[in-house]
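Trainee: My structure is below; once you've seen it, I'll send some questions.
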Amino acid sequence: MMKRILVLFLLLCALPAVATVKVLATVPEWGALAREIGGERVDVTVATTAKQDPHRIEARPSLIARARTAGLIVATGADLEVGWLPLLLRESGNRRVQPGQPGYLEAASVVQLRNVPRTVDRSMGHVHAAGDPHFHLDPRNILPVAAALSERLTQIDPAGATVYRDNFERFAGRWRAALARWEAEGAGLKGNTFLQVHHSFGYLAHWLGLESRGELEHKPGIEPGSAHLGRIVASQQKTPVVMILRASYQNETAGRWVSERTGIPLVTLPYTVGGTPRATDLFGLFDDTLERIRNAAQRP
Amino acid sequence: MQIRRLAVALACVSVWVAPARAEEKSKHEQLAAELAALREQVSQMQSMYERRIAELEEKLAGVAKPEAAENAVLPMQAESPPAPLGSSQASAKSGISSFNPEISLILQGAYAHRKKVEERHIGGFVSADHHHGGHDGRGFALDHTELVFAASIDPYWRGQVAVGVLDEEVELEEAWFQTTVLGFGTGIKAGRFRSGIGYLNEQHAHQWDFYEQPLMYRALFGKHGYAQDGVQLKWVAPLATFVELGAEIGRGQNFPGNDRDVSGASSHALFGHVGGDIGVSHSWRAGLSWLRTRAGKRESHFETDNDEVRGAFSGRSRVWIADFVYKWAPDGNPVRRNFKFQAEYFRRAENGNLAVDDGTNLYDNLWRTRQSGFYLAGVYQFAPNWRAGLRHDRLSSGRQSLGDNPADIEIVRYRPSRFSAMVDYRWSEFSRMRLQWSRDRAMPGIVDNQVTLQYIMSLGSHGAHKF
């Protein structure tokens, strides 16, 4: 019986490929990008939502099922998904999406990573050895990933080559225009200081010229205790920062606690597509992010 | 490029200008004006390029100099250096493989307060362990220190070894390799591995939510779950819902089978899992497993009216396990709060012959048992790093028939049970401490209230755990 099922299945696999490429994106930003580049030719599912911490996802049965049928997996890489993606790939039994195959794309492979630690030790908390993986928040990093994605989709589905190229060109044009607009809008933000819950906004700060004054987390990935937060509040008495930044998936408690005691506004940023109602796509993500930061910076 | 083009244009202009000057002096002024315009253009371009070069230099300087902006108040940040241009790109590409090989060492131990019981066993069940005397886990005691080594062997294979070490005892718990390139949803694993049957069977002790595994697993397979020396084939169906089927054959040297020293397989297992999500906050997995093992003169102790006799079972054991796991996390984000419910139920049938040796005579008995049991467990993470859990274990010694029972073996009919409550705290995903209270009625006539304070510490790089 089992054999018969297997034979039947192998026959099914031998049939000509379906017109669409099944893309599994680990995080919403790459899901949104895959929709921009792939258009009608791709069927995109995203493993996480903007409400979930991409570091802390379980290799759920539903995700294994999705990895099983995927033709392309788009991951951030740089160890962001190290706690669940390797297991997902192994359990899926899908050869096409294993690392090294055309069906596995790590966005980090085409982007310059920042903050690569010289030494990694567990006493430092959850440190990313390969560098800060939150690079999608520098919008200048989106285009190289888009180009790589278009190239991969072409490799996997050569029949769609022109579609992917056209979509990429169109997206790149819109993105460059938006980038110019954002940079004009964000020009006045340079030098604004901020605290952040987790080291999520290093790239965003680098792009806009914001200055980070530290994290609320005691150490990366470790929840802050009240003593630690107390020290932060004390340090804010003399030279307070302009705002406290929090990603929508991160817990509000620590940020609100510090905000209430210092009067520094707590700003919730979408962090990724879907993080706020306005962040419906990559353009909305940066539109909303900039607006929220500008509103906080313009407060008296 | 543009500069060169401009030079060519200028040359053309001058070539054209020279004869013009010779022939028509009237156009001289016009040409001078044009030349002036060209010079203006050139100087404009020059200044533009100078500006661009200056900008580039500024950018380069920005990359090279330490990011003063990020080296702020907190010590952690001071430790993170700026990104050096070359090295960061190299490490960015390493991705997942940078944590390869994963080597981890797990320290486990406990302080336990429990009754002194001469020979711990589960009433009405043949003991899967040979457990005599010893400290019985009372007071301060170390559990197995577990060494796990996992790595990709090459692009085609992956291997893992797990060794449990305790005093003079070194146990090779797992040593297997698996394929990564078969495709079509299939995977082959071979060597010594924990069988894929049930839910808890594949999990090592450090993954358990309670200090001890459920009574059910202890009764079925002894201390360490069911491990096979053999081959496993797994297949994940290409469906939107998770459907996984697996089959195993192996030597079957572990309880309820034993080492029979024969060619061919003594143990066969089949299992199937289905699972999925309900919305974003709920996920589940259910499974059904079947295991058949053979035993040849599997030894155990039995009580008679006034003595203890040795019995050797030869025959066949069949085990069915149904398992179910459900997990909840608000918005699918388990970081602060989450809940896990798990339940497993088993039935075991043994058919064969029991040779009983009371020291003087050897008796042959017919051996036929039908036994069952289950556990229910719920664990709730109510705050970051804090969890609390309850578990209820219950077994039934079921039907046990010994034929004419010429050796007068005492048939114990009993329903062992245990109730456990625990609270645990973790500092990070690598360190955990647990306080557990259990009311253990695994043995007839004994109610053992146990208190255990346990630690689990994980050193090194440890791969992700399954759902």
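In the structure tokens, chains take the letters A, B, ... in the order shown, each chain's residues start at 1, and ligands count up from 1 in the order shown.
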For chain A versus chain B, which residues have an atom no more than 8 Å away, and what is each residue's nearest atom pair and distance in Å rounded to one decimal, using only C-alpha atoms, chain-then-number order, as JSON lines?

Mentor:
{"residue": "A:Leu10", "atom": "CA", "partner": "B:Phe184", "partner_atom": "CA", "distance": 8.0}
{"residue": "A:Lys51", "atom": "CA", "partner": "B:Asp331", "partner_atom": "CA", "distance": 6.3}
{"residue": "A:Gln52", "atom": "CA", "partner": "B:Asn333", "partner_atom": "CA", "distance": 4.7}
{"residue": "A:Asp53", "atom": "CA", "partner": "B:Asn333", "partner_atom": "CA", "distance": 6.5}
{"residue": "A:Arg56", "atom": "CA", "partner": "B:Val335", "partner_atom": "CA", "distance": 7.1}
{"residue": "A:Ile57", "atom": "CA", "partner": "B:Asn333", "partner_atom": "CA", "distance": 7.6}
{"residue": "A:Glu58", "atom": "CA", "partner": "B:Phe467", "partner_atom": "CA", "distance": 6.3}
{"residue": "A:Ala59", "atom": "CA", "partner": "B:Phe467", "partner_atom": "CA", "distance": 5.8}
{"residue": "A:Arg60", "atom": "CA", "partner": "B:Phe467", "partner_atom": "CA", "distance": 5.6}
{"residue": "A:Pro61", "atom": "CA", "partner": "B:Gly275", "partner_atom": "CA", "distance": 5.3}
{"residue": "A:Ser62", "atom": "CA", "partner": "B:Gly276", "partner_atom": "CA", "distance": 4.6}
{"residue": "A:Ile64", "atom": "CA", "partner": "B:Phe242", "partner_atom": "CA", "distance": 6.9}
{"residue": "A:Ala65", "atom": "CA", "partner": "B:Phe242", "partner_atom": "CA", "distance": 4.8}
{"residue": "A:Arg66", "atom": "CA", "partner": "B:Ala240", "partner_atom": "CA", "distance": 6.6}
{"residue": "A:Arg68", "atom": "CA", "partner": "B:Pro238", "partner_atom": "CA", "distance": 6.1}
{"residue": "A:Thr69", "atom": "CA", "partner": "B:Pro238", "partner_atom": "CA", "distance": 5.6}
{"residue": "A:Gly77", "atom": "CA", "partner": "B:Gly95", "partner_atom": "CA", "distance": 5.3}
{"residue": "A:Ala78", "atom": "CA", "partner": "B:Gly95", "partner_atom": "CA", "distance": 4.9}
{"residue": "A:Asp79", "atom": "CA", "partner": "B:Gly95", "partner_atom": "CA", "distance": 5.8}
{"residue": "A:Val82", "atom": "CA", "partner": "B:Ile96", "partner_atom": "CA", "distance": 6.3}
{"residue": "A:Gly83", "atom": "CA", "partner": "B:Ala464", "partner_atom": "CA", "distance": 5.2}
{"residue": "A:Trp84", "atom": "CA", "partner": "B:Ala464", "partner_atom": "CA", "distance": 5.9}
{"residue": "A:Pro86", "atom": "CA", "partner": "B:Ile96", "partner_atom": "CA", "distance": 7.2}
{"residue": "A:Leu87", "atom": "CA", "partner": "B:Ala464", "partner_atom": "CA", "distance": 6.4}
{"residue": "A:Arg90", "atom": "CA", "partner": "B:Thr180", "partner_atom": "CA", "distance": 6.6}
{"residue": "A:Glu91", "atom": "CA", "partner": "B:Gly187", "partner_atom": "CA", "distance": 8.0}
{"residue": "A:Ser92", "atom": "CA", "partner": "B:Gly185", "partner_atom": "CA", "distance": 5.9}
{"residue": "A:Gly93", "atom": "CA", "partner": "B:Gly185", "partner_atom": "CA", "distance": 3.9}
{"residue": "A:Asn94", "atom": "CA", "partner": "B:Gly183", "partner_atom": "CA", "distance": 4.8}
{"residue": "A:Arg95", "atom": "CA", "partner": "B:Gly183", "partner_atom": "CA", "distance": 4.3}
{"residue": "A:Arg96", "atom": "CA", "partner": "B:Gly183", "partner_atom": "CA", "distance": 7.3}
{"residue": "A:Glu106", "atom": "CA", "partner": "B:Gly95", "partner_atom": "CA", "distance": 7.8}
{"residue": "A:Ala108", "atom": "CA", "partner": "B:Ala92", "partner_atom": "CA", "distance": 5.7}
{"residue": "A:Ser109", "atom": "CA", "partner": "B:Lys93", "partner_atom": "CA", "distance": 4.7}
{"residue": "A:Val111", "atom": "CA", "partner": "B:Gln89", "partner_atom": "CA", "distance": 7.5}
{"residue": "A:Gln112", "atom": "CA", "partner": "B:Gln89", "partner_atom": "CA", "distance": 5.7}
{"residue": "A:Leu113", "atom": "CA", "partner": "B:Ser88", "partner_atom": "CA", "distance": 5.8}
{"residue": "A:Arg114", "atom": "CA", "partner": "B:Ala83", "partner_atom": "CA", "distance": 4.7}
{"residue": "A:Asn115", "atom": "CA", "partner": "B:Ala83", "partner_atom": "CA", "distance": 4.9}
{"residue": "A:Val116", "atom": "CA", "partner": "B:Ala83", "partner_atom": "CA", "distance": 5.5}
{"residue": "A:Pro117", "atom": "CA", "partner": "B:Ser80", "partner_atom": "CA", "distance": 5.4}
{"residue": "A:Arg118", "atom": "CA", "partner": "B:Pro81", "partner_atom": "CA", "distance": 7.1}
{"residue": "A:Met124", "atom": "CA", "partner": "B:Met76", "partner_atom": "CA", "distance": 7.2}
{"residue": "A:Ala130", "atom": "CA", "partner": "B:Ser91", "partner_atom": "CA", "distance": 5.2}
{"residue": "A:Gly131", "atom": "CA", "partner": "B:Ser88", "partner_atom": "CA", "distance": 7.0}
{"residue": "A:Leu210", "atom": "CA", "partner": "B:Ala69", "partner_atom": "CA", "distance": 8.0}
{"residue": "A:Glu211", "atom": "CA", "partner": "B:Ala69", "partner_atom": "CA", "distance": 5.0}
{"residue": "A:Ser212", "atom": "CA", "partner": "B:Glu70", "partner_atom": "CA", "distance": 5.4}
{"residue": "A:Arg213", "atom": "CA", "partner": "B:Ala72", "partner_atom": "CA", "distance": 5.0}
{"residue": "A:Gly214", "atom": "CA", "partner": "B:Leu74", "partner_atom": "CA", "distance": 5.8}
{"residue": "A:Glu215", "atom": "CA", "partner": "B:Leu74", "partner_atom": "CA", "distance": 7.5}
{"residue": "A:Lys219", "atom": "CA", "partner": "B:Met76", "partner_atom": "CA", "distance": 6.8}
{"residue": "A:Ile222", "atom": "CA", "partner": "B:Ser428", "partner_atom": "CA", "distance": 6.6}
{"residue": "A:Glu223", "atom": "CA", "partner": "B:Pro384", "partner_atom": "CA", "distance": 7.6}

Trainee: Those same residues, written as a compact mmCIF listing (two decimals), in the first residue's frame with C-alpha atoms?

Mentor:
# COMPACT_ATOMS: atom_id res chain seq x y z
CA LEU A 10 6.57 9.99 -7.71
CA LYS A 51 3.41 40.08 16.27
CA GLN A 52 5.92 37.26 16.63
CA ASP A 53 9.56 37.40 17.66
CA ARG A 56 11.67 32.63 19.03
CA ILE A 57 9.52 30.54 16.73
CA GLU A 58 8.78 26.85 17.07
CA ALA A 59 9.16 24.42 14.19
CA ARG A 60 5.41 23.81 14.21
CA PRO A 61 3.88 21.00 12.12
CA SER A 62 2.17 23.56 9.87
CA ILE A 64 7.08 21.78 8.26
CA ALA A 65 4.19 21.16 5.87
CA ARG A 66 4.82 24.52 4.18
CA ARG A 68 7.79 20.53 2.42
CA THR A 69 6.05 21.99 -0.63
CA GLY A 77 20.03 34.51 7.70
CA ALA A 78 22.78 35.78 9.98
CA ASP A 79 21.45 33.36 12.62
CA VAL A 82 18.83 29.63 13.81
CA GLY A 83 16.46 28.44 16.55
CA TRP A 84 13.92 26.94 14.17
CA PRO A 86 17.43 24.39 10.35
CA LEU A 87 15.03 21.98 12.06
CA ARG A 90 15.60 18.95 7.94
CA GLU A 91 12.13 17.77 8.92
CA SER A 92 10.60 18.88 5.62
CA GLY A 93 12.59 16.38 3.55
CA ASN A 94 12.55 18.96 0.76
CA ARG A 95 15.80 18.84 -1.14
CA ARG A 96 15.13 21.95 -3.23
CA GLU A 106 19.50 34.15 2.64
CA ALA A 108 22.07 38.45 4.60
CA SER A 109 24.27 37.01 1.87
CA VAL A 111 23.91 42.75 2.44
CA GLN A 112 26.73 44.30 4.42
CA LEU A 113 26.12 43.36 8.06
CA ARG A 114 26.94 45.69 10.91
CA ASN A 115 28.07 45.06 14.48
CA VAL A 116 29.86 41.78 13.97
CA PRO A 117 31.11 40.86 17.45
CA ARG A 118 34.78 40.05 17.83
CA MET A 124 26.84 38.25 26.67
CA ALA A 130 27.38 36.86 12.10
CA GLY A 131 26.35 40.44 12.87
CA LEU A 210 19.84 58.67 14.94
CA GLU A 211 21.98 57.96 17.97
CA SER A 212 21.28 54.89 20.11
CA ARG A 213 21.88 55.31 23.81
CA GLY A 214 21.39 51.66 24.65
CA GLU A 215 18.80 48.93 25.15
CA LYS A 219 21.48 41.57 27.58
CA ILE A 222 17.18 38.43 28.19
CA GLU A 223 14.27 40.29 29.79

Trainee: Which residue gives the smallest distance to Asp166 in chain A among A:Val197, A:Val110, A:Ile37, A:Leu208, with only C-alpha atoms counted?

Mentor: A:Ile37

Trainee: From range 206-331 of chain B, collect each residue whose DSSP state is alpha helix (DSSP H) and return the set as a list in words.

Mentor: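 DSSP on the backbone gives alpha helix (DSSP H) at Leu215, Met216, Tyr217, Arg218, Ala219, Leu220 and Phe221 of chain B.
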
Trainee: Save the residues we just selected, C-alpha atoms, as a PDB file, in the first residue's frame?

Mentor:
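Heads up, here's the output in again_18.pdb:
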ATOM      1  CA  LEU B 215       4.858   6.380  34.516  1.00  0.00           C
ATOM      2  CA  MET B 216       3.614   5.156  31.178  1.00  0.00           C
ATOM      3  CA  TYR B 217       7.029   5.519  29.538  1.00  0.00           C
ATOM      4  CA  ARG B 218       8.760   4.015  32.542  1.00  0.00           C
ATOM      5  CA  ALA B 219       6.462   0.989  32.378  1.00  0.00           C
ATOM      6  CA  LEU B 220       6.735   0.627  28.615  1.00  0.00           C
ATOM      7  CA  PHE B 221      10.403   1.188  27.961  1.00  0.00           C
TER       8      PHE B 221
END

Trainee: Write down as a list in words the residues of range 71-288 of chain A whose backbone DSSP state falls under strand (DSSP E).

Mentor: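 Taking range 71-288 of chain A and keeping strand (DSSP E) gives Leu72, Ile73, Val74, Ala75, Tyr104, Leu105, Glu106, Thr193, Phe194, Leu195, Gln196, Glu211, Ser212, Arg213, Gly214, Glu215, Met243, Ile244, Leu245, Arg246, Ala247, Leu266, Val267, Thr268 and Leu269 of chain A.
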
Trainee: Can I get the selection written as a PDB file, in the first residue's frame, with C-alpha atoms?

Mentor:
ATOM      1  CA  LEU A  72      11.926  28.774  -2.579  1.00  0.00           C
ATOM      2  CA  ILE A  73      12.628  29.705   1.012  1.00  0.00           C
ATOM      3  CA  VAL A  74      13.598  33.302   1.658  1.00  0.00           C
ATOM      4  CA  ALA A  75      15.274  33.738   5.029  1.00  0.00           C
ATOM      5  CA  TYR A 104      17.277  28.641  -0.403  1.00  0.00           C
ATOM      6  CA  LEU A 105      18.008  32.368  -0.326  1.00  0.00           C
ATOM      7  CA  GLU A 106      19.503  34.152   2.637  1.00  0.00           C
ATOM      8  CA  THR A 193      18.898  60.118  20.528  1.00  0.00           C
ATOM      9  CA  PHE A 194      16.899  57.050  21.517  1.00  0.00           C
ATOM     10  CA  LEU A 195      16.726  53.965  23.706  1.00  0.00           C
ATOM     11  CA  GLN A 196      15.463  50.691  22.282  1.00  0.00           C
ATOM     12  CA  GLU A 211      21.978  57.958  17.969  1.00  0.00           C
ATOM     13  CA  SER A 212      21.283  54.890  20.105  1.00  0.00           C
ATOM     14  CA  ARG A 213      21.878  55.315  23.810  1.00  0.00           C
ATOM     15  CA  GLY A 214      21.394  51.656  24.647  1.00  0.00           C
ATOM     16  CA  GLU A 215      18.803  48.931  25.146  1.00  0.00           C
ATOM     17  CA  MET A 243      12.412  58.701  22.382  1.00  0.00           C
ATOM     18  CA  ILE A 244      12.221  55.048  23.321  1.00  0.00           C
ATOM     19  CA  LEU A 245      11.765  52.736  20.326  1.00  0.00           C
ATOM     20  CA  ARG A 246       9.922  49.454  20.500  1.00  0.00           C
ATOM     21  CA  ALA A 247       9.050  46.972  17.759  1.00  0.00           C
ATOM     22  CA  LEU A 266       7.546  55.466  23.883  1.00  0.00           C
ATOM     23  CA  VAL A 267       7.302  55.032  20.122  1.00  0.00           C
ATOM     24  CA  THR A 268       6.012  51.758  18.735  1.00  0.00           C
ATOM     25  CA  LEU A 269       7.411  51.116  15.278  1.00  0.00           C
TER      26      LEU A 269
END

Trainee: Tell me which of A:Val23, A:Pro139, A:Thr239, A:Gln250 sits closest to Ala180 in chain A, counting only C-alpha atoms.

Mentor: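 For Ala180 in chain A, the nearest of the given residues is A:Pro139.
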
Trainee: Contacts of range 271-281 of chain A at 7 Å or less, counting only C-alpha atoms, minus same-chain residues fewer than 4 places along, as a list in words?

Mentor: Pro28, Glu29, Ala32, Ala50, Lys51, Ala247, Ser248, Leu285 and Asp288 of chain A

Trainee: With N, CA and C atoms retained, export the selected residues as a compact mmCIF listing (two decimals), in the first residue's frame.

Mentor:
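again.txt, freshly written:
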# COMPACT_ATOMS: atom_id res chain seq x y z
N PRO A 28 7.86 38.66 7.55
CA PRO A 28 6.94 39.36 6.65
C PRO A 28 7.61 40.26 5.62
N GLU A 29 8.78 40.86 5.96
CA GLU A 29 9.39 41.77 4.98
C GLU A 29 9.78 41.05 3.69
N ALA A 32 6.65 40.20 1.69
CA ALA A 32 6.16 41.36 0.93
C ALA A 32 7.03 41.58 -0.30
N ALA A 50 3.99 39.85 12.18
CA ALA A 50 4.67 40.99 12.80
C ALA A 50 4.51 40.99 14.31
N LYS A 51 3.62 40.15 14.82
CA LYS A 51 3.41 40.08 16.27
C LYS A 51 4.32 39.03 16.92
N ALA A 247 9.67 47.65 18.91
CA ALA A 247 9.05 46.97 17.76
C ALA A 247 7.69 46.44 18.19
N SER A 248 6.77 46.36 17.26
CA SER A 248 5.39 46.00 17.64
C SER A 248 5.31 44.62 18.28
N LEU A 285 5.64 50.36 5.38
CA LEU A 285 6.50 50.13 6.54
C LEU A 285 7.37 51.34 6.83
N ASP A 288 5.31 54.74 7.55
CA ASP A 288 4.80 54.80 8.91
C ASP A 288 5.93 54.96 9.93

Trainee: Hey, what's within 7 Å of range 253-259 of chain A if we count only C-alpha atoms and toss same-chain stuff fewer than 2 positions away? As number ranges by chain, please?

Mentor: A: 197, 229, 233, 244, 251, 261-266

Trainee: List the spatial neighbours of Ile106 in chain B as a PyMOL selection string - criterion: any atom at most 9 Å away, only C-alpha atoms, same-chain residues fewer than 3 positions off excluded.

Mentor: chain B and resi 144-148+206+456-460

Trainee: What would the file look like if the residues just selected were written as an mmCIF file, in the first residue's frame with N, CA, C and O atoms?

Mentor:
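part.cif was written with the following content:
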data_model
loop_
_atom_site.group_PDB
_atom_site.id
_atom_site.type_symbol
_atom_site.label_atom_id
_atom_site.label_comp_id
_atom_site.auth_asym_id
_atom_site.auth_seq_id
_atom_site.Cartn_x
_atom_site.Cartn_y
_atom_site.Cartn_z
ATOM 1 N N HIS B 144 22.323 11.845 34.714
ATOM 2 C CA HIS B 144 23.255 11.702 33.600
ATOM 3 C C HIS B 144 23.693 13.060 33.066
ATOM 4 O O HIS B 144 22.865 13.938 32.869
ATOM 5 N N THR B 145 24.978 13.213 32.858
ATOM 6 C CA THR B 145 25.478 14.381 32.144
ATOM 7 C C THR B 145 25.486 13.991 30.672
ATOM 8 O O THR B 145 26.046 12.966 30.304
ATOM 9 N N GLU B 146 24.821 14.814 29.883
ATOM 10 C CA GLU B 146 24.578 14.409 28.507
ATOM 11 C C GLU B 146 25.472 15.193 27.553
ATOM 12 O O GLU B 146 25.517 16.424 27.612
ATOM 13 N N LEU B 147 26.172 14.494 26.710
ATOM 14 C CA LEU B 147 27.025 15.145 25.718
ATOM 15 C C LEU B 147 26.415 14.897 24.344
ATOM 16 O O LEU B 147 26.215 13.756 23.944
ATOM 17 N N VAL B 148 26.084 15.974 23.658
ATOM 18 C CA VAL B 148 25.470 15.845 22.333
ATOM 19 C C VAL B 148 26.366 16.517 21.309
ATOM 20 O O VAL B 148 26.813 17.643 21.501
ATOM 21 N N HIS B 206 16.461 16.362 29.332
ATOM 22 C CA HIS B 206 16.506 17.808 29.585
ATOM 23 C C HIS B 206 15.351 18.555 28.926
ATOM 24 O O HIS B 206 15.131 19.715 29.204
ATOM 25 N N ILE B 456 18.859 22.100 35.260
ATOM 26 C CA ILE B 456 19.257 21.673 33.920
ATOM 27 C C ILE B 456 20.056 22.819 33.319
ATOM 28 O O ILE B 456 19.538 23.924 33.179
ATOM 29 N N MET B 457 21.313 22.582 33.024
ATOM 30 C CA MET B 457 22.174 23.621 32.474
ATOM 31 C C MET B 457 22.756 23.118 31.163
ATOM 32 O O MET B 457 23.236 21.998 31.089
ATOM 33 N N SER B 458 22.700 23.958 30.161
ATOM 34 C CA SER B 458 23.154 23.543 28.848
ATOM 35 C C SER B 458 24.350 24.381 28.416
ATOM 36 O O SER B 458 24.253 25.593 28.290
ATOM 37 N N LEU B 459 25.470 23.715 28.222
ATOM 38 C CA LEU B 459 26.688 24.401 27.789
ATOM 39 C C LEU B 459 26.862 24.190 26.299
ATOM 40 O O LEU B 459 26.597 23.103 25.792
ATOM 41 N N GLY B 460 27.334 25.187 25.633
ATOM 42 C CA GLY B 460 27.655 25.027 24.230
ATOM 43 C C GLY B 460 26.464 25.236 23.340
ATOM 44 O O GLY B 460 25.432 25.747 23.749
#

Trainee: Taking 3 positions as the minimum chain separation for residues in the same chain, which residues sit within 12 Å of Asn361 in chain B when counting only C-alpha atoms? Answer as a list in words.

Mentor: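 The residues that qualify are Val309, Arg310, Gly311, Ala355, Val356, Asp357, Asp358, Asp364, Pro406 and Ala407 of chain B.
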
Trainee: Could you save the residues just selected, with all heavy atoms, as a short mmCIF file (atom, residue, chain, number, x, y, z; two decimals), in the first residue's frame?

Mentor:
data_model
loop_
_atom_site.label_atom_id
_atom_site.label_comp_id
_atom_site.auth_asym_id
_atom_site.auth_seq_id
_atom_site.Cartn_x
_atom_site.Cartn_y
_atom_site.Cartn_z
N VAL B 309 11.09 -15.44 42.59
CA VAL B 309 11.60 -16.35 41.56
C VAL B 309 11.96 -15.56 40.32
O VAL B 309 11.51 -14.44 40.13
CB VAL B 309 10.55 -17.43 41.19
CG1 VAL B 309 10.26 -18.32 42.39
CG2 VAL B 309 9.28 -16.79 40.65
N ARG B 310 12.78 -16.19 39.51
CA ARG B 310 13.17 -15.55 38.25
C ARG B 310 12.35 -16.13 37.12
O ARG B 310 12.14 -17.34 37.04
CB ARG B 310 14.66 -15.80 37.99
CG ARG B 310 15.49 -14.83 38.79
CD ARG B 310 16.91 -14.78 38.41
NE ARG B 310 17.36 -15.71 37.40
CZ ARG B 310 18.63 -16.03 37.24
NH1 ARG B 310 19.53 -15.51 38.04
NH2 ARG B 310 19.01 -16.87 36.30
N GLY B 311 11.88 -15.24 36.25
CA GLY B 311 11.12 -15.69 35.10
C GLY B 311 11.77 -15.21 33.83
O GLY B 311 12.37 -14.14 33.80
N ALA B 355 9.22 -18.93 31.35
CA ALA B 355 9.92 -20.04 32.00
C ALA B 355 10.33 -19.58 33.40
O ALA B 355 11.05 -18.61 33.54
CB ALA B 355 11.15 -20.44 31.18
N VAL B 356 9.81 -20.26 34.42
CA VAL B 356 10.07 -19.83 35.79
C VAL B 356 11.01 -20.81 36.49
O VAL B 356 10.82 -22.02 36.43
CB VAL B 356 8.74 -19.72 36.59
CG1 VAL B 356 9.03 -19.30 38.03
CG2 VAL B 356 7.80 -18.74 35.93
N ASP B 357 12.01 -20.24 37.10
CA ASP B 357 13.00 -21.05 37.79
C ASP B 357 12.96 -20.68 39.27
O ASP B 357 13.32 -19.58 39.65
CB ASP B 357 14.39 -20.74 37.19
CG ASP B 357 15.49 -21.59 37.82
OD1 ASP B 357 15.17 -22.40 38.72
OD2 ASP B 357 16.65 -21.41 37.40
N ASP B 358 12.48 -21.59 40.12
CA ASP B 358 12.41 -21.26 41.55
C ASP B 358 13.60 -21.83 42.32
O ASP B 358 13.59 -21.96 43.54
CB ASP B 358 11.07 -21.70 42.17
CG ASP B 358 10.96 -23.22 42.26
OD1 ASP B 358 11.89 -23.93 41.78
OD2 ASP B 358 9.95 -23.72 42.78
N ASP B 364 7.04 -24.08 32.99
CA ASP B 364 6.63 -23.33 31.80
C ASP B 364 5.22 -22.80 32.00
O ASP B 364 4.31 -23.55 32.31
CB ASP B 364 6.67 -24.23 30.55
CG ASP B 364 7.96 -24.05 29.80
OD1 ASP B 364 8.66 -23.04 30.08
OD2 ASP B 364 8.28 -24.88 28.92
N PRO B 406 1.77 -22.93 37.46
CA PRO B 406 2.28 -23.98 38.35
C PRO B 406 3.26 -23.46 39.39
O PRO B 406 3.40 -24.07 40.45
CB PRO B 406 2.96 -24.96 37.38
CG PRO B 406 3.25 -24.17 36.16
CD PRO B 406 2.20 -23.13 36.06
N ALA B 407 3.91 -22.33 39.12
CA ALA B 407 4.89 -21.82 40.09
C ALA B 407 4.23 -20.94 41.14
O ALA B 407 4.92 -20.42 42.02
CB ALA B 407 5.98 -21.04 39.35
#

Trainee: Quick one: residues within 9 Å of Leu153 in chain A, only C-alpha atoms counted, chain neighbours fewer than 5 positions away excluded, as a ChimeraX atom specification?

Mentor: /A:21,37-38,42,72,102-103,148,158,160-161,164

Trainee: For a quick check of understanding, using only C-alpha atoms, which of A:Leu33, A:Leu290, A:Ile142, A:Ala159 has the smallest distance to Trp182 in chain A?

Mentor: A:Leu290

Trainee: As an exercise, work out the distance from CA of Asn306 in chain B to CA of Asp404 in chain B in Å and give it to one decimal place.

Mentor: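 Separating CA of Asn306 in chain B from CA of Asp404 in chain B is a distance of 18.7 Å.
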
Trainee: Report, in Å to a single decimal, how far apart CA of Val412 in chain B and CA of Gly124 in chain B are.

Mentor: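 For CA of Gly124 in chain B relative to CA of Val412 in chain B, the distance reads 4.8 Å.
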
Trainee: At what distance in Å, to one decimal, does CA of His121 in chain B lie from CA of Lys340 in chain B?

Mentor: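 Between CA of Lys340 in chain B and CA of His121 in chain B the gap works out to 29.1 Å.
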
Trainee: Would you mind telling me which residue in B:Phe125, B:Phe271, B:Arg120, B:Ser263 lies nearest to Ser195 in chain B when using only C-alpha atoms?

Mentor: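 Of B:Phe125, B:Phe271, B:Arg120, B:Ser263, the one nearest Ser195 in chain B is B:Phe271, counting only C-alpha atoms.
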
Trainee: Which of these residues is nearest to Gly257 in chain B, using only C-alpha atoms: B:Leu395, B:Ala151, B:Val379, B:Ala128?

Mentor: B:Ala128
